[in-house]
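Q: File run-v3.txt follows (compact mmCIF, C-alpha atoms and all ligand atoms):
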```txt
# COMPACT_ATOMS: atom_id res chain seq x y z
CA MET A 1 -23.93 187.55 125.16
CA THR A 2 -24.27 189.37 121.84
CA SER A 3 -21.06 190.59 120.23
CA PRO A 4 -20.77 194.22 119.14
CA PRO A 5 -21.36 194.78 115.41
CA LEU A 6 -18.37 194.23 113.16
CA ARG A 7 -17.27 197.61 111.83
CA ILE A 8 -16.16 197.09 108.25
CA LEU A 9 -14.70 199.61 105.86
CA LEU A 10 -15.54 198.27 102.40
CA VAL A 11 -13.47 199.72 99.57
CA GLU A 12 -15.40 198.71 96.46
CA ASP A 13 -16.26 200.68 93.31
CA ASN A 14 -18.68 198.12 91.88
CA GLU A 15 -22.16 198.93 93.13
CA HIS A 16 -23.47 195.45 92.37
CA ASP A 17 -20.69 193.82 94.46
CA SER A 18 -21.27 196.22 97.37
CA LEU A 19 -24.95 195.33 97.43
CA ALA A 20 -24.15 191.62 97.34
CA PHE A 21 -21.70 192.15 100.24
CA ARG A 22 -24.39 193.82 102.36
CA ARG A 23 -26.94 191.17 101.44
CA ALA A 24 -24.57 188.37 102.48
CA PHE A 25 -24.26 189.85 105.98
CA ARG A 26 -27.98 190.52 106.29
CA LYS A 27 -28.69 186.90 105.37
CA SER A 28 -26.17 185.56 107.89
CA GLN A 29 -27.48 187.76 110.70
CA VAL A 30 -23.92 188.58 111.75
CA ALA A 31 -24.27 192.11 113.08
CA CYS A 32 -22.16 194.61 111.19
CA GLU A 33 -21.81 198.26 110.27
CA ILE A 34 -20.54 198.71 106.75
CA THR A 35 -19.01 201.97 105.60
CA GLU A 36 -18.24 202.23 101.90
CA CYS A 37 -15.52 204.02 99.98
CA LEU A 38 -15.57 203.96 96.20
CA ARG A 39 -11.92 204.84 95.64
CA ALA A 40 -8.61 203.88 97.23
CA GLU A 41 -7.58 207.51 97.74
CA GLU A 42 -10.76 208.18 99.73
CA ALA A 43 -10.18 205.10 101.91
CA LEU A 44 -6.58 206.12 102.53
CA GLU A 45 -7.67 209.53 103.76
CA ARG A 46 -10.37 208.04 105.95
CA LEU A 47 -8.09 205.46 107.55
CA ARG A 48 -5.31 207.94 108.17
CA THR A 49 -7.60 210.05 110.32
CA ASP A 50 -10.16 207.60 111.63
CA ALA A 51 -8.83 204.02 111.69
CA SER A 52 -10.18 203.48 115.20
CA SER A 53 -13.76 203.59 113.86
CA PHE A 54 -13.22 200.26 112.10
CA ASP A 55 -12.39 196.66 112.98
CA LEU A 56 -11.09 195.78 109.54
CA ALA A 57 -10.90 196.95 105.94
CA VAL A 58 -12.05 194.81 103.04
CA ILE A 59 -10.49 196.06 99.82
CA ASP A 60 -11.34 195.16 96.25
CA HIS A 61 -8.25 194.96 94.06
CA GLY A 62 -9.77 196.29 90.83
CA LEU A 63 -10.28 199.91 91.84
CA PRO A 64 -9.95 202.88 89.52
CA GLY A 65 -6.79 204.94 90.16
CA LEU A 66 -4.70 203.46 92.97
CA SER A 67 -5.26 199.67 92.92
CA GLY A 68 -6.45 197.70 95.95
CA LEU A 69 -3.01 196.11 96.36
CA ASP A 70 -1.27 199.50 96.21
CA LEU A 71 -3.70 200.82 98.81
CA CYS A 72 -2.87 197.87 101.07
CA LYS A 73 0.87 198.43 100.64
CA GLU A 74 0.47 202.14 101.44
CA LEU A 75 -1.55 201.35 104.58
CA LEU A 76 0.90 198.68 105.70
CA ASP A 77 3.81 201.09 105.19
CA GLU A 78 2.01 203.51 107.48
CA GLU A 79 1.60 200.65 110.01
CA THR A 80 -2.16 200.61 110.00
CA PRO A 81 -3.52 198.90 113.13
CA LEU A 82 -6.34 197.28 111.11
CA PRO A 83 -6.29 193.84 109.52
CA LEU A 84 -6.69 194.12 105.75
CA VAL A 85 -8.50 191.61 103.57
CA ILE A 86 -8.18 191.89 99.81
CA LEU A 87 -10.85 190.76 97.34
CA THR A 88 -9.43 189.65 94.03
CA GLY A 89 -11.02 188.54 90.78
CA TYR A 90 -11.18 184.90 89.70
CA GLY A 91 -7.80 183.65 88.44
CA SER A 92 -5.76 186.23 90.39
CA GLU A 93 -4.15 183.85 92.86
CA GLN A 94 -0.72 185.25 92.02
CA LEU A 95 -1.87 188.67 93.11
CA ALA A 96 -3.35 187.23 96.29
CA VAL A 97 0.02 185.68 97.15
CA GLU A 98 1.73 189.03 96.51
CA ALA A 99 -0.77 190.68 98.86
CA LEU A 100 -0.10 188.14 101.61
CA LYS A 101 3.65 188.65 101.19
CA ALA A 102 3.13 192.38 101.61
CA GLY A 103 1.43 191.77 104.95
CA VAL A 104 -2.26 191.66 104.06
CA TYR A 105 -4.07 189.48 106.60
CA ASP A 106 -6.14 187.38 104.19
CA TYR A 107 -7.56 187.28 100.68
CA MET A 108 -10.83 186.12 99.19
CA ILE A 109 -11.40 185.32 95.55
CA LYS A 110 -14.61 186.57 93.95
CA ASP A 111 -15.47 183.26 92.31
CA ARG A 112 -17.94 183.08 89.49
CA GLY A 113 -20.47 181.11 91.54
CA GLN A 114 -20.21 183.85 94.20
CA SER A 115 -19.79 181.33 97.00
CA TYR A 116 -17.26 183.73 98.56
CA LEU A 117 -20.26 185.80 99.66
CA ASP A 118 -21.44 183.03 102.02
CA LEU A 119 -17.94 182.81 103.49
CA LEU A 120 -17.63 186.53 104.25
CA PRO A 121 -19.72 186.55 107.47
CA VAL A 122 -17.80 183.51 108.75
CA VAL A 123 -14.28 184.53 107.78
CA LEU A 124 -14.27 188.26 108.56
CA PRO A 125 -15.17 187.96 112.31
CA GLN A 126 -12.43 185.30 112.59
CA VAL A 127 -9.92 187.66 110.98
CA VAL A 128 -10.74 190.37 113.53
CA ARG A 129 -10.48 187.95 116.45
CA LYS A 130 -7.17 186.45 115.34
CA HIS A 131 -5.71 189.86 114.57
CA GLY A 132 -6.69 191.03 118.09
CA ASP A 133 -5.02 187.96 119.61
CA ARG A 134 -1.90 188.55 117.55
CA LEU A 135 -1.70 192.22 118.61
CA ALA A 136 -2.19 191.29 122.27
CA ARG A 137 0.57 188.68 121.99
CA GLN A 138 2.93 191.14 120.32
CA GLN A 139 2.19 193.69 123.03
CA SER A 140 2.92 191.22 125.84
CA GLU A 141 6.14 190.14 124.13
CA GLU A 142 7.21 193.74 123.76
CA GLU A 143 6.39 194.46 127.41
CA LEU A 144 8.31 191.39 128.50
CA ARG A 145 11.30 192.43 126.40
CA LYS A 146 11.25 195.89 128.00
CA ILE A 147 10.97 194.49 131.53
CA ASN A 148 13.88 192.14 130.83
CA GLN A 149 15.95 194.98 129.46
CA GLU A 150 15.17 197.16 132.48
CA LEU A 151 16.02 194.31 134.83
CA LYS A 152 19.36 193.78 133.12
CA SER A 153 20.19 197.50 133.26
CA PHE A 154 19.11 197.57 136.89
CA THR A 155 21.32 194.61 137.78
CA TYR A 156 24.19 196.19 135.91
CA ILE A 157 23.85 199.61 137.55
CA VAL A 158 23.34 198.22 141.04
CA SER A 159 26.27 195.83 140.84
CA HIS A 160 28.48 198.39 139.15
CA ASP A 161 27.75 201.02 141.81
CA LEU A 162 28.27 198.54 144.63
CA LYS A 163 31.74 197.70 143.38
CA ASN A 164 33.38 200.90 144.60
CA PRO A 165 32.16 200.88 148.21
CA ILE A 166 33.07 197.23 148.57
CA THR A 167 36.60 197.91 147.31
CA TYR A 168 36.91 200.66 149.94
CA ILE A 169 35.68 198.35 152.70
CA GLN A 170 38.24 195.71 151.67
CA GLY A 171 41.06 198.25 151.36
CA PHE A 172 40.44 199.88 154.72
CA THR A 173 39.89 196.58 156.53
CA SER A 174 43.25 195.30 155.25
CA HIS A 175 44.84 198.61 156.27
CA LEU A 176 43.36 198.33 159.75
CA ILE A 177 44.51 194.73 160.18
CA GLU A 178 48.03 195.46 158.95
CA ASN A 179 48.69 198.78 160.70
CA TYR A 180 46.47 198.76 163.76
CA GLY A 181 46.04 195.04 164.34
CA GLU A 182 48.54 195.16 167.24
CA LYS A 183 46.48 197.74 169.06
CA LEU A 184 43.33 195.59 168.99
CA ASP A 185 42.59 192.68 171.25
CA GLU A 186 41.82 189.19 169.92
CA LYS A 187 38.07 189.93 169.60
CA GLY A 188 38.69 193.15 167.64
CA ARG A 189 41.00 191.38 165.19
CA LEU A 190 38.44 188.58 164.74
CA CYS A 191 35.77 191.18 163.90
CA LEU A 192 38.02 192.68 161.24
CA GLU A 193 38.76 189.24 159.76
CA ARG A 194 35.01 188.58 159.56
CA ILE A 195 34.42 191.90 157.80
CA LYS A 196 37.17 191.00 155.34
CA VAL A 197 35.68 187.58 154.56
CA SER A 198 32.17 189.05 154.14
CA ALA A 199 33.47 191.80 151.88
CA ARG A 200 35.27 189.21 149.78
CA ARG A 201 32.01 187.22 149.44
CA MET A 202 30.18 190.36 148.45
CA GLU A 203 32.84 191.14 145.84
CA VAL A 204 32.45 187.70 144.24
CA PHE A 205 28.70 188.07 144.32
CA ILE A 206 28.82 191.48 142.64
CA SER A 207 31.18 190.32 139.96
CA ASP A 208 28.90 187.31 139.24
CA LEU A 209 25.90 189.63 138.99
CA LEU A 210 27.80 191.92 136.65
CA SER A 211 28.82 188.97 134.56
CA LEU A 212 25.23 187.79 134.35
CA SER A 213 23.88 191.17 133.32
CA ARG A 214 26.67 191.63 130.75
CA LEU A 215 25.80 188.33 129.09
CA GLY A 216 22.63 189.82 127.69
CA ARG A 217 24.14 193.22 126.94
CA ILE A 218 27.47 192.55 125.34
CA VAL A 219 27.80 190.30 122.35
CA GLY A 220 31.34 188.96 122.38
CA THR A 221 33.37 188.32 119.28
CA PHE A 222 33.60 184.81 117.97
CA GLU A 223 37.07 183.64 117.00
CA VAL A 224 38.98 180.50 116.18
CA VAL A 225 40.71 179.38 119.37
CA SER A 226 42.67 176.40 120.55
CA SER A 227 40.80 174.83 123.44
CA ILE A 228 44.12 173.33 124.66
CA GLU A 229 45.54 176.83 125.09
CA MET A 230 42.35 177.97 126.75
CA VAL A 231 42.46 175.11 129.28
CA LYS A 232 46.19 175.76 129.91
CA ASN A 233 45.45 179.40 130.76
CA VAL A 234 42.59 178.54 133.06
CA THR A 235 44.40 175.74 134.89
CA SER A 236 47.55 177.81 135.41
CA GLY A 237 45.41 180.26 137.38
CA LEU A 238 44.13 177.39 139.53
CA GLN A 239 47.50 175.73 140.24
CA ASP A 240 47.72 176.97 143.85
CA ARG A 241 44.29 175.64 144.74
CA LEU A 242 44.92 172.33 142.98
CA GLN A 243 48.20 171.87 144.84
CA ALA A 244 46.75 172.93 148.19
CA HIS A 245 44.17 170.14 147.89
CA GLY A 246 46.64 167.64 146.36
CA ILE A 247 44.42 167.24 143.31
CA GLU A 248 45.73 165.44 140.23
CA LEU A 249 44.64 167.16 137.00
CA VAL A 250 44.44 165.14 133.79
CA VAL A 251 43.83 166.95 130.50
CA ALA A 252 43.03 164.95 127.36
CA ASP A 253 45.43 165.46 124.45
CA ASN A 254 42.72 165.58 121.77
CA LEU A 255 41.18 168.96 122.64
CA PRO A 256 40.24 170.63 119.35
CA THR A 257 40.35 174.08 117.83
CA ILE A 258 36.93 175.67 118.18
CA TYR A 259 34.99 178.70 116.98
CA CYS A 260 33.55 180.55 119.97
CA ASP A 261 33.61 183.65 122.15
CA GLY A 262 36.96 182.71 123.75
CA ASP A 263 36.59 184.73 126.96
CA ARG A 264 33.19 183.21 127.68
CA ILE A 265 34.26 179.62 127.09
CA CYS A 266 37.27 180.26 129.36
CA GLN A 267 34.74 181.38 131.96
CA VAL A 268 32.91 178.04 131.51
CA PHE A 269 36.07 175.98 132.07
CA ASP A 270 37.07 178.22 134.97
CA ASN A 271 33.72 177.80 136.63
CA LEU A 272 33.45 174.03 136.17
CA LEU A 273 37.01 173.48 137.37
CA GLY A 274 36.50 175.87 140.29
CA ASN A 275 33.45 173.85 141.36
CA ALA A 276 35.26 170.55 140.88
CA ILE A 277 37.97 171.78 143.29
CA LYS A 278 35.48 173.33 145.70
CA PHE A 279 33.30 170.25 145.95
CA MET A 280 36.06 167.66 146.14
CA SER A 281 35.49 165.06 148.84
CA GLU A 282 37.96 163.80 151.42
CA THR A 283 39.21 161.12 149.08
CA ASN A 284 42.72 159.64 149.06
CA SER A 285 43.27 160.36 145.40
CA PRO A 286 41.40 163.52 144.39
CA LYS A 287 41.35 163.81 140.63
CA ILE A 288 39.88 166.10 137.98
CA GLU A 289 39.77 165.17 134.33
CA ILE A 290 39.11 167.39 131.32
CA GLY A 291 38.07 165.37 128.30
CA TYR A 292 36.71 165.67 124.81
CA GLU A 293 34.59 163.56 122.48
CA ASP A 294 34.23 164.25 118.79
CA MET A 295 30.50 163.90 118.01
CA ILE A 296 28.68 164.32 114.69
CA GLY A 297 28.27 168.07 114.20
CA LEU A 298 29.24 168.73 117.84
CA HIS A 299 32.25 169.20 120.07
CA GLN A 300 31.54 167.56 123.41
CA PHE A 301 33.72 168.50 126.38
CA TYR A 302 33.52 167.19 129.92
CA VAL A 303 34.92 168.00 133.34
CA ARG A 304 34.90 164.99 135.65
CA ASP A 305 35.71 164.97 139.36
CA ASN A 306 35.63 162.33 142.08
CA GLY A 307 34.17 164.70 144.63
CA ILE A 308 31.01 164.71 146.74
CA GLY A 309 28.63 164.30 143.77
CA ILE A 310 25.06 165.55 143.32
CA ASP A 311 21.74 163.83 143.89
CA PRO A 312 19.97 163.33 140.50
CA LYS A 313 16.91 165.21 141.80
CA TYR A 314 19.01 168.40 141.78
CA HIS A 315 20.63 167.93 138.37
CA ARG A 316 18.41 170.63 136.77
CA LYS A 317 18.01 172.83 139.85
CA ILE A 318 21.72 173.61 140.21
CA PHE A 319 21.58 175.57 136.93
CA GLU A 320 18.97 177.94 138.36
CA MET A 321 20.07 181.29 139.76
CA PHE A 322 21.06 181.30 143.44
CA HIS A 323 20.49 177.57 143.78
CA ARG A 324 22.99 175.96 146.13
CA LEU A 325 22.71 172.56 147.73
CA LYS A 326 22.42 172.26 151.50
CA GLN A 327 25.46 169.97 151.76
CA THR A 328 27.63 172.65 150.12
CA GLU A 329 26.22 175.77 151.81
CA ASP A 330 29.37 176.29 153.89
CA GLU A 331 31.56 176.61 150.80
CA GLU A 332 32.15 180.05 149.37
CA GLY A 333 29.83 180.76 146.45
CA THR A 334 26.87 182.68 145.15
CA GLY A 335 24.83 180.06 143.31
CA LEU A 336 25.21 182.07 140.12
CA GLY A 337 28.14 180.26 138.51
CA LEU A 338 26.23 177.48 136.73
CA ALA A 339 23.41 179.88 135.76
CA ILE A 340 26.03 182.00 133.99
CA VAL A 341 27.61 178.93 132.40
CA GLU A 342 24.26 177.75 131.06
CA ARG A 343 23.53 181.17 129.53
CA ILE A 344 26.94 181.15 127.85
CA MET A 345 26.21 177.73 126.39
CA ASN A 346 22.79 178.86 125.16
CA SER A 347 24.28 181.89 123.45
CA HIS A 348 26.66 179.53 121.62
CA GLY A 349 23.84 177.20 120.55
CA GLY A 350 25.27 174.55 122.87
CA ARG A 351 24.04 172.61 125.88
CA ILE A 352 25.28 171.70 129.37
CA TRP A 353 24.20 168.95 131.74
CA VAL A 354 25.50 166.89 134.61
CA GLU A 355 25.70 163.18 135.35
CA SER A 356 26.33 162.35 138.96
CA GLU A 357 25.36 160.46 142.08
CA PRO A 358 26.04 161.41 145.69
CA GLY A 359 29.48 160.27 146.77
CA LYS A 360 30.47 159.20 143.26
CA GLY A 361 31.79 162.44 141.77
CA ALA A 362 30.25 164.47 138.95
CA ILE A 363 30.72 164.82 135.21
CA PHE A 364 29.67 168.11 133.64
CA TYR A 365 29.26 167.76 129.86
CA PHE A 366 28.91 170.67 127.47
CA THR A 367 28.56 170.80 123.71
CA LEU A 368 29.34 173.39 121.08
CA PRO A 369 28.16 173.22 117.48
CA LYS A 370 30.99 172.51 115.03
CA THR A 371 31.28 175.44 112.71
CA LEU A 372 34.84 174.78 111.58
P1 LIG A 401 28.27 178.16 143.63
O1 LIG A 401 29.43 177.31 143.23
O2 LIG A 401 28.59 179.60 143.70
O3 LIG A 401 27.55 177.65 144.84
P2 LIG A 401 27.12 177.21 141.15
O4 LIG A 401 25.96 177.76 140.38
O5 LIG A 401 28.45 177.14 140.47
O6 LIG A 401 27.18 178.07 142.47
O7 LIG A 401 26.73 175.76 141.63
C1 LIG A 401 25.46 175.52 142.23
C2 LIG A 401 25.53 174.35 143.17
O8 LIG A 401 25.72 173.14 142.44
C3 LIG A 401 26.69 174.40 144.14
O9 LIG A 401 26.39 175.21 145.26
C4 LIG A 401 26.84 172.93 144.51
O10 LIG A 401 25.89 172.59 145.50
C5 LIG A 401 26.47 172.21 143.22
N1 LIG A 401 27.68 171.82 142.44
C6 LIG A 401 28.20 172.48 141.38
N2 LIG A 401 29.29 171.83 140.90
C7 LIG A 401 29.46 170.74 141.66
C8 LIG A 401 30.40 169.64 141.67
N3 LIG A 401 31.39 169.54 140.77
N4 LIG A 401 30.23 168.67 142.61
C9 LIG A 401 29.22 168.74 143.51
N5 LIG A 401 28.31 169.73 143.57
C10 LIG A 401 28.41 170.73 142.66
```
For this file, write the structure as structure tokens.
A:
Amino acid sequence: MTSPPLRILLVEDNEHDSLAFRRAFRKSQVACEITECLRAEEALERLRTDASSFDLAVIDHGLPGLSGLDLCKELLDEETPLPLVILTGYGSEQLAVEALKAGVYDYMIKDRGQSYLDLLPVVLPQVVRKHGDRLARQQSEEELRKINQELKSFTYIVSHDLKNPITYIQGFTSHLIENYGEKLDEKGRLCLERIKVSARRMEVFISDLLSLSRLGRIVGTFEVVSSIEMVKNVTSGLQDRLQAHGIELVVADNLPTIYCDGDRICQVFDNLLGNAIKFMSETNSPKIEIGYEDMIGLHQFYVRDNGIGIDPKYHRKIFEMFHRLKQTEDEEGTGLGLAIVERIMNSHGGRIWVESEPGKGAIFYFTLPKTL
């Protein structure tokens, strides 16, 4: 398959060099169409109106009037879609570096032996190909970013708008049970209880979805917080559940002061402790431990339980969205908790992982970089 001719705009005032340029391509048999401009101003005009007629511009630096480098800077400021290659005189490496810094794609030095002429037909098609690849990559990244953004907004809007109706369903179901429960038979009351439980599940699900979509949208403020205080707050909210299951809670006394988005890290503790309670086994001495290890450059926390444990083949899977293990399907949950936790850790430059075996409890570790 023959490739289409390379469409080059050559900005060169030296007639001898232009001829040599043409000759180099003729000799190489690389098909090309060369359009010449003698001055930078002329090239600027041409490219402003007709850039799509070219694949690249090759610009000599030593032009009369506006220099080649100034022309490049002007074109780059105007976000030209073309790759620019600058030709500089021998001994002008400094200038070439300046051109690259400004965003010029490549430079070639007109050496005295004129060997650069043999390189032109090899290098210029490569420049066009690589530039095309780079543009395509940028375009896909931009599209992906947009899709992600839309998806987040969609999740946010949907979950936000679902919140109201679900609150109504819960409110009216409770009202029905309390005020009209007597008038219903056993089956009717059971139906209402089921509606209430389902609505509660839906509420948790919606608030998890909202939380997930907010993670990408709202950048929380980082502050210096005492992790002891944070754990105290979280565990006081869980006291009833801990007591109901007879779970002993042990908190290490060396928890440090950390620099983080406090609300989010509270959410991490809350989630890990909530799971540790939820997935506790029928053991005689249920126990949850919150610990800390001081590592080089890192704070490492852990939440250990002696619950049902997790098969190592699911240690990564449980951090994926909506992933719940068969053995725990009956427990209330959405399968979003650990996905949220992992995103929070990522946004802090930290990591989370689990060590566990079925029947032997689980330890969830997470790290935060030390910035204090
Ligand atoms: P959810 O708790 O809503 O199901 P998560 O994302 O928090 O969702 O957890 C995903 C799954 O990982 C849970 O459904 C459960 O199967 C497993 N899991 C999480 N924490 C524990 C734990 N401490 N012990 C045993 N299994 C766990």
Q: Using all atoms listed in the file, collect all residues at a distance of at most 7 Å from (40.4, 166.8, 132.1) as written in the file, then present them as a ChimeraX atom specification.
A: /A:249-252,288-291,303-304
Q: Name the residues, by chain letter and number, that sit within 8 Å of ligand LIG 401 (chain A) using all atoms listed in the file, and give them as a PyMOL selection string.
A: chain A and resi 271-280+304-305+307-310+318-329+331-340+361-364
Q: Between A:Leu95, A:Leu44, A:Leu56, A:Leu255, which residue has the minimum interatomic distance to Arg7 in chain A, considering all atoms listed in the file?
A: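 Looking at the shortest contact to Arg7 in chain A, the residue is A:Leu56.
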Q: Which one of A:Asp294, A:Asp311, A:Asp185, A:Glu12 sits closest to Lys370 in chain A if you count all atoms listed in the file?
A: A:Asp294
Q: For CA of Arg201 in chain A and CA of Asp161 in chain A, quote the distance in Å rounded to one decimal.
A: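 Separating CA of Arg201 in chain A from CA of Asp161 in chain A is a distance of 16.3 Å.
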Q: Please compute the CA of Ser211 in chain A-CA of Arg351 in chain A distance, one decimal, in Å.
A: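 Separating CA of Ser211 in chain A from CA of Arg351 in chain A is a distance of 19.1 Å.
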Q: What separation in Å, quoted to one decimal, exists between CA of Arg137 in chain A and CA of Asp77 in chain A?
A: 21.1 Å
Q: Which residues are near Gly132 in chain A? Cut-off 12 Å, only C-alpha atoms, ignore same chain within fewer than 4 positions. Put them as an MDAnalysis selection string.
A: chainID A and resid 55:56 81:83 105 125:128 136:139
Q: I need the residue nearest Ser207 in chain A from this list: A:Lys130, A:Lys187, A:Arg194, A:His160. Use only C-alpha atoms for the distance.
A: A:His160
Q: Counting only C-alpha atoms, figure out which residue out of A:Val85, A:Leu38, A:Leu100, A:Ala20 gets nearest to Ser115 in chain A.
A: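 Answer, going by the shortest atom-to-atom distance: A:Ala20.
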Q: Which one of A:Val11, A:Leu242, A:Ile247, A:Leu87 sits closest to Asp111 in chain A if you count all atoms listed in the file?
A: A:Leu87
Q: Using all atoms listed in the file, which of the listed residues (A:Ala57, A:Asn284, A:Leu190, A:Phe301) sits closest to Val231 in chain A?
A: A:Phe301
Q: Select all residues near (29.9, 198.4, 144.5) (cut-off 12 Å, inclusive, file coordinates), counting only C-alpha atoms, and output them as a VMD selection string.
A: chain A and resid 155 to 170 199 to 200 202 to 207 209 to 210
Q: So which residues touch Asp13 in chain A within 8 Å, counting only C-alpha atoms, skipping near sequence neighbours fewer than 2 positions away, as a ChimeraX atom specification?
A: /A:11,15,18,37-39,60,63-64
Q: Applying 9 Å and all atoms listed in the file, which residues near Ser174 in chain A remain after dropping the ones on its own chain fewer than 4 positions away? List them as a PyMOL selection string.
A: chain A and resi 169-170+178-179+192-193+196
Q: Using all atoms listed in the file, which residues sit within 10 Å of Phe222 in chain A once same-chain residues fewer than 5 positions away are excluded, as a compact mmCIF listing (two decimals) with C-alpha atoms, keeping the file's coordinate frame?
A:
```
# COMPACT_ATOMS: atom_id res chain seq x y z
CA ILE A 258 36.93 175.67 118.18
CA TYR A 259 34.99 178.70 116.98
CA CYS A 260 33.55 180.55 119.97
CA ASP A 261 33.61 183.65 122.15
CA GLY A 262 36.96 182.71 123.75
CA ASP A 263 36.59 184.73 126.96
CA ARG A 264 33.19 183.21 127.68
CA HIS A 348 26.66 179.53 121.62
```
Q: Give me the residues near Met108 in chain A as a PyMOL selection string, where near means some atom within 9 Å (using all atoms listed in the file) and where sequence neighbours in that chain fewer than 2 positions away do not count.
A: chain A and resi 85-89+96+106+110-111+116+119-120
Q: Since the input has fewer atoms than a full residue there, write range 225-245 of chain A out with N, CA and C atoms, as a short mmCIF file (atom, residue, chain, number, x, y, z; two decimals), in the frame of the given file.
A:
```cif
data_model
loop_
_atom_site.label_atom_id
_atom_site.label_comp_id
_atom_site.auth_asym_id
_atom_site.auth_seq_id
_atom_site.Cartn_x
_atom_site.Cartn_y
_atom_site.Cartn_z
N VAL A 225 39.77 179.50 118.25
CA VAL A 225 40.71 179.38 119.37
C VAL A 225 41.06 177.93 119.64
N SER A 226 42.26 177.75 120.19
CA SER A 226 42.67 176.40 120.55
C SER A 226 42.15 176.13 121.96
N SER A 227 41.34 175.08 122.09
CA SER A 227 40.80 174.83 123.44
C SER A 227 41.91 174.32 124.37
N ILE A 228 43.01 173.77 123.79
CA ILE A 228 44.12 173.33 124.66
C ILE A 228 44.72 174.56 125.35
N GLU A 229 44.95 175.61 124.53
CA GLU A 229 45.54 176.83 125.09
C GLU A 229 44.62 177.43 126.16
N MET A 230 43.32 177.40 125.83
CA MET A 230 42.35 177.97 126.75
C MET A 230 42.42 177.25 128.10
N VAL A 231 42.43 175.91 128.05
CA VAL A 231 42.46 175.11 129.28
C VAL A 231 43.78 175.36 130.03
N LYS A 232 44.89 175.50 129.26
CA LYS A 232 46.19 175.76 129.91
C LYS A 232 46.12 177.06 130.71
N ASN A 233 45.56 178.10 130.08
CA ASN A 233 45.45 179.40 130.76
C ASN A 233 44.63 179.30 132.03
N VAL A 234 43.48 178.63 131.90
CA VAL A 234 42.59 178.54 133.06
C VAL A 234 43.25 177.74 134.18
N THR A 235 43.85 176.59 133.83
CA THR A 235 44.40 175.74 134.89
C THR A 235 45.63 176.37 135.54
N SER A 236 46.38 177.20 134.77
CA SER A 236 47.55 177.81 135.41
C SER A 236 47.09 178.76 136.52
N GLY A 237 45.93 179.38 136.34
CA GLY A 237 45.41 180.26 137.38
C GLY A 237 44.89 179.49 138.59
N LEU A 238 44.70 178.18 138.42
CA LEU A 238 44.13 177.39 139.53
C LEU A 238 45.18 176.51 140.22
N GLN A 239 46.44 176.61 139.73
CA GLN A 239 47.50 175.73 140.24
C GLN A 239 47.59 175.70 141.77
N ASP A 240 47.56 176.91 142.39
CA ASP A 240 47.72 176.97 143.85
C ASP A 240 46.64 176.16 144.55
N ARG A 241 45.41 176.34 144.09
CA ARG A 241 44.29 175.64 144.74
C ARG A 241 44.39 174.14 144.50
N LEU A 242 44.80 173.76 143.28
CA LEU A 242 44.92 172.33 142.98
C LEU A 242 45.99 171.70 143.89
N GLN A 243 47.12 172.41 144.01
CA GLN A 243 48.20 171.87 144.84
C GLN A 243 47.80 171.80 146.31
N ALA A 244 47.15 172.88 146.78
CA ALA A 244 46.75 172.93 148.19
C ALA A 244 45.87 171.74 148.55
N HIS A 245 45.06 171.28 147.60
CA HIS A 245 44.17 170.14 147.89
C HIS A 245 44.77 168.81 147.41
#
```
